[in-house]
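Below is one structure, written out as structure tokens; comments come after it.
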Amino acid sequence: MELASNYDPKKIEDKWYRKWEEEKAFHADADSPKEPFTIVIPPPNITGKLHMGHALDETLQDILIRWRRMQGYNALWVPGTDHAAISTEVRVTNTLKEQGIDKREIGREAFLEKVWEWKEEYGGAITEQLRKLGTSCDWDRERFTMDEGCSKAVEKVFLDLYKKGYIYRGKRIINWCPTCKTSLSDAEVEHEDQAGHFWHIRYPIVGTDDAVEIATTRPETMLGDTAIAVHPDDERYKDLVGKTVILPLVNKEIPVVADEYVDMEFGTGVVKITPAHDPNDFEVGQRHDLEVINILNDDATINENGGKYAGMDRYEARKAIVEDLEAGGYLVKVQEHLHAVGTHDRCKTTVEPMVKEQWFVRMDELAKPAIEAIEKGELTFVPERFNKVYLRWLYNIHDWCISRQIWWGHRIPAYYCDECGEIVVSSEKPGKCPKCGCEHLTQDEDTLDTWFSSALWPFSTLGWPEDTKDLRTFYPTSVLVTGYDIIFFWVVRMVFSGYEHTGKSPFHTVLIHGLVRDSLGRKMSKSLGNGIDPLEVIDKYGADALRLTLVTGNAPGNDMRYYDERVEASRNFANKMWNASRFILMNLDGAELERPDDADLLPADKWIMSAANTVARDMTENMDKYELGIAVQKVHDFVWDEFCDWYIEIAKYRIYNRENDPKGAAAALWVLRDTLAKALKLMHPFMPFVTEEIYSVLTGGEDLLMLADWPVYDEALSWPEEEEWMGKVKEMVRGIRNVRSEMDVPPSKKTGILIETSDEDLAGCIDLIKESILPLARATKISRIADGDKTENMVPVVSSGITAYLPLAELVDLDKERERLTKEKERLEKELARSAAMLSNEKFLSKAPEAKVREEKEKQIHYQEMMEQVKKQLENL
RNA sequence: GGGAGCGUAGCUCAGCCGGGAGAGCGUCCGCCUCACACGCGGGAGGUCACGGGUUCGAGCCCCGUCGCGCCCACCA
């Protein structure tokens, strides 16, 4: 079979994905006796388009899933999408607006119909994009957070938590987004430092001519002030407590209260209290039984409580109030001030704290098992430092505001009696009010926070609350893979939900990855327009290249930068494997091969087989520890540096000499094919497409690589002596190349070589060198192994215990040679000095492990031998 | 204010258990060698931020300093 000299991913990627799906290779069987290994996908938003963050997240998951599947686990990767409540609602609202349709006008039912239509049309796009990446998800089990099963789970959880008293409705201060016109949870608010002002205002003290100075960053909120506060221990204001002050502009008398919350050191030590629009003030208000005056409409304009400022936007009002304060002589001074402003993470609007009636989840009890999960070792993050991040959030957790004033989402299963206002939480609309018997009840208009349903994802997708076979088999899941940016939103909530509803942690390990940044280290964002589209990268370089790039050289939890050159390097590696296989295939020429007897294997064969064996063991250990970057580096280096650069070159000698030695050629080909097949298995989880393609051509079989067995360490394939010898061969060959290169010996000049050793133990190694040097003729330009004695005009190439002599004297520039040898001598002197220092150190000899000391002694002898050689050569020049 | 990171070759980053500093890209030199120029061979390039400490031995462990971003937080 003829293969093109350059690998073209476009020709094969889609083909293999189809084949895998046709063969049901991604499907997991709940009846399988194999040990399960489960991952549920962090569901991408239906509004979303595949971005680099997804690409990284999915790549890591797919690597784990494919690897475990090959290891013989019953591997299940559950895919699905998230309805993304606010994002989707905003998106569809805007789309409708462009068509001249107003959401309020068409009403809730019609709007939801539009959203479902939109979901059907665009919601599938992201899963198609996941397929392009090669994700081996079990698409038969694809779920959606608002599908029937997930909705049922949501409803049951709401009812259960309500019954237990964990869900309650209350009038409390919440974060309000004036753009989206909905309440938000704490997690959805991002704090960013903004340059603002600190206005110092005089509040006249009633009954005196005096006034008290107050500093504020939000003067407009004074319309809702119902007190001012000082610290109870503050001597400066001791006499003030209990008095009243005049609220400027509003001209209302408000009390002065003493409260520990006030920081005496900050500002003037006096705080205006606006219970309706500040979380702290709200609590102070509760303690002192203060009136709560809401001064804002839902769009953050001032409401009727704002007097003459009513109708103004909050910032307009701020400006007007500051002007009026100044005009009235109340403004003392204005300072520049940097302060943290809360913004809605979706739309970046500055949120406004407001008192509203909302639904909350009480978190104190629920958080406990989630905290203990870490302490008991039932849950851990990789890397471990994220345990702390997770715990700190749980220790400081607030009650979770779960109601949202939008339409798209799970509607809250609560009904209000039109007559008496009784609340009934129920899966179905009650026929009549249990309190007053009234038959008119109205369902709560609100929907649930989108994270309420994603919190249940690990078990709702497996069938919970039904006791399904999937749930019994695959739950709890094995690993969750996600970015550190989503720990609070999602991971925390899944864990406490898992414990509360299933009694178990939903997974035992959370593999955390960082962000994919642009080449300048900036976050990829729509507004910056610096996002790289993974699909374009796949189109240009192939999915395998993108995957390899995303996993190479990246440690868990660390951010990485994306740039094309890295993908090019990955693409080049795919091409390297492609060409290695091409070499084997064109020489194999359809021949059937039997495994040669060990006796027919040359040391080089044993070396590469032994090395492959070692790599399989080492990288599996890395994979076990989620060190995917290190693991892939090992197989990459093995394929390129050992297999391609050394073994193939060595094997060529026998292959091109097949006429004289058919058996040798067959043995070499067998080892080539066997070793490449093994390397393809090891590389498959990282680069599924190209490896599957090559494997299928190479084995000519029906079996899919993705379902092949993961290589395990085999004692029978371990040949440490040959591995050691090969190290010497490389050293020798490099030495020869080095001499030729440094001496500017023309590449066309071929020579013979004489090899000798005084060490009998290295006799086998000499044979290996002889058998390897000739095959490496193209690089070393060695045309024959010379017999007989060395002569004076030969250039020696020294390595450990063995010397090679090249008859190059006439070609060599003596000055250059002297320079080279002097350099070598200096290097050896340095090494010898280091070694001598260590070995003359009593403490090293007594305290270091014996093996280390022995190793150092051997090195010293080795260096001394080489030094002798070098000195002799220098004298001979 | 608190927390956890990062600082290693020109650039981007690895470095597992403490035991002679690595990769990719770039650069320089030589090669279109019959798998691959998306390649082959050879080279240059590092005070592992800085200062202490522990240790026979520190890029790695401990303490401190400087620099850089990050997360959390109700000082108005």
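FYI, nothing fancy with the structure tokens labels: chains A, B, ... in order, residues from 1 per chain, ligands from 1 as they appear.
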Subject >> Counting only C-alpha atoms (C1' of nucleotides), chain B residues within 10 Å of chain A, as a PyMOL selection string >> reply: chain B and resi 3-6+12-16+19-20+23-25+29-31+33-36+38-43+56-57+69+71-76
Subject >> Surrounding residues of Ile174 (chain A) excluding itself and chain neighbours under 3 positions, 12 Å, only C-alpha atoms (C1' of nucleotides), as JSON, numbers by chain >> reply: {"A": [170, 171, 177, 182, 183, 184, 185, 186, 187, 188, 189, 275, 276, 277, 278, 279, 280, 282, 342, 351, 352, 353, 354, 355, 356, 357, 358, 359, 360, 398, 399, 400, 401, 402, 403, 404]}
Original post:
Out of region 9-141 of chain A, which residues get helix (DSSP H, G or I) from DSSP, as a PyMOL selection string?
Top reply: chain A and resi 9-11+13-22+52-70+85-98+103-122+125-133+139-141
Subject >> Test item: residues at most 8 Å from Pro534 (chain A), only C-alpha atoms (C1' of nucleotides), excluding those fewer than 6 positions along its chain, as a list in words >> reply: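 Listing them by chain and then by number gives Leu50, His51, Met52, Ala55 and Leu546 of chain A.
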Subject >> Contacts of Pro506 (chain A) at 7 Å (only C-alpha atoms (C1' of nucleotides); same-chain gap of 4+ positions) as a list in words >> reply: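 Here the qualifying residues turn out to be Pro458, Pro476, Thr477, Met494, Val495 and Gly498 of chain A.
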Dump C-alpha atoms for the selected residues as a PDB file, in the first residue's frame?
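Wrote result.pdb, looks like this:
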```pdb
ATOM      1  CA  PRO A 458     -22.996  13.261  37.888  1.00  0.00           C
ATOM      2  CA  PRO A 476     -19.893   7.333  41.807  1.00  0.00           C
ATOM      3  CA  THR A 477     -17.908   8.476  38.829  1.00  0.00           C
ATOM      4  CA  MET A 494     -21.789  18.706  42.903  1.00  0.00           C
ATOM      5  CA  VAL A 495     -19.978  17.386  45.937  1.00  0.00           C
ATOM      6  CA  GLY A 498     -23.737  14.048  45.829  1.00  0.00           C
TER       7      GLY A 498
END
```
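As for CA of Val567 (chain A) and CA of Ala545 (chain A), they are spaced 5.8 Å apart.
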**OP:** Can you list, as a ChimeraX atom specification, all residues belonging to region 105-341 of chain A that DSSP tags as strand (DSSP E)?
**Re:** /A:143-144,167-177,182-184,189-204,211-216,227-230,244-247,252-258,270-273,331-341
Original post:
What does the distance between CA of Asp674 (chain A) and CA of Asn613 (chain A) come to in Å, to one decimal place?
Top reply: 11.5 Å
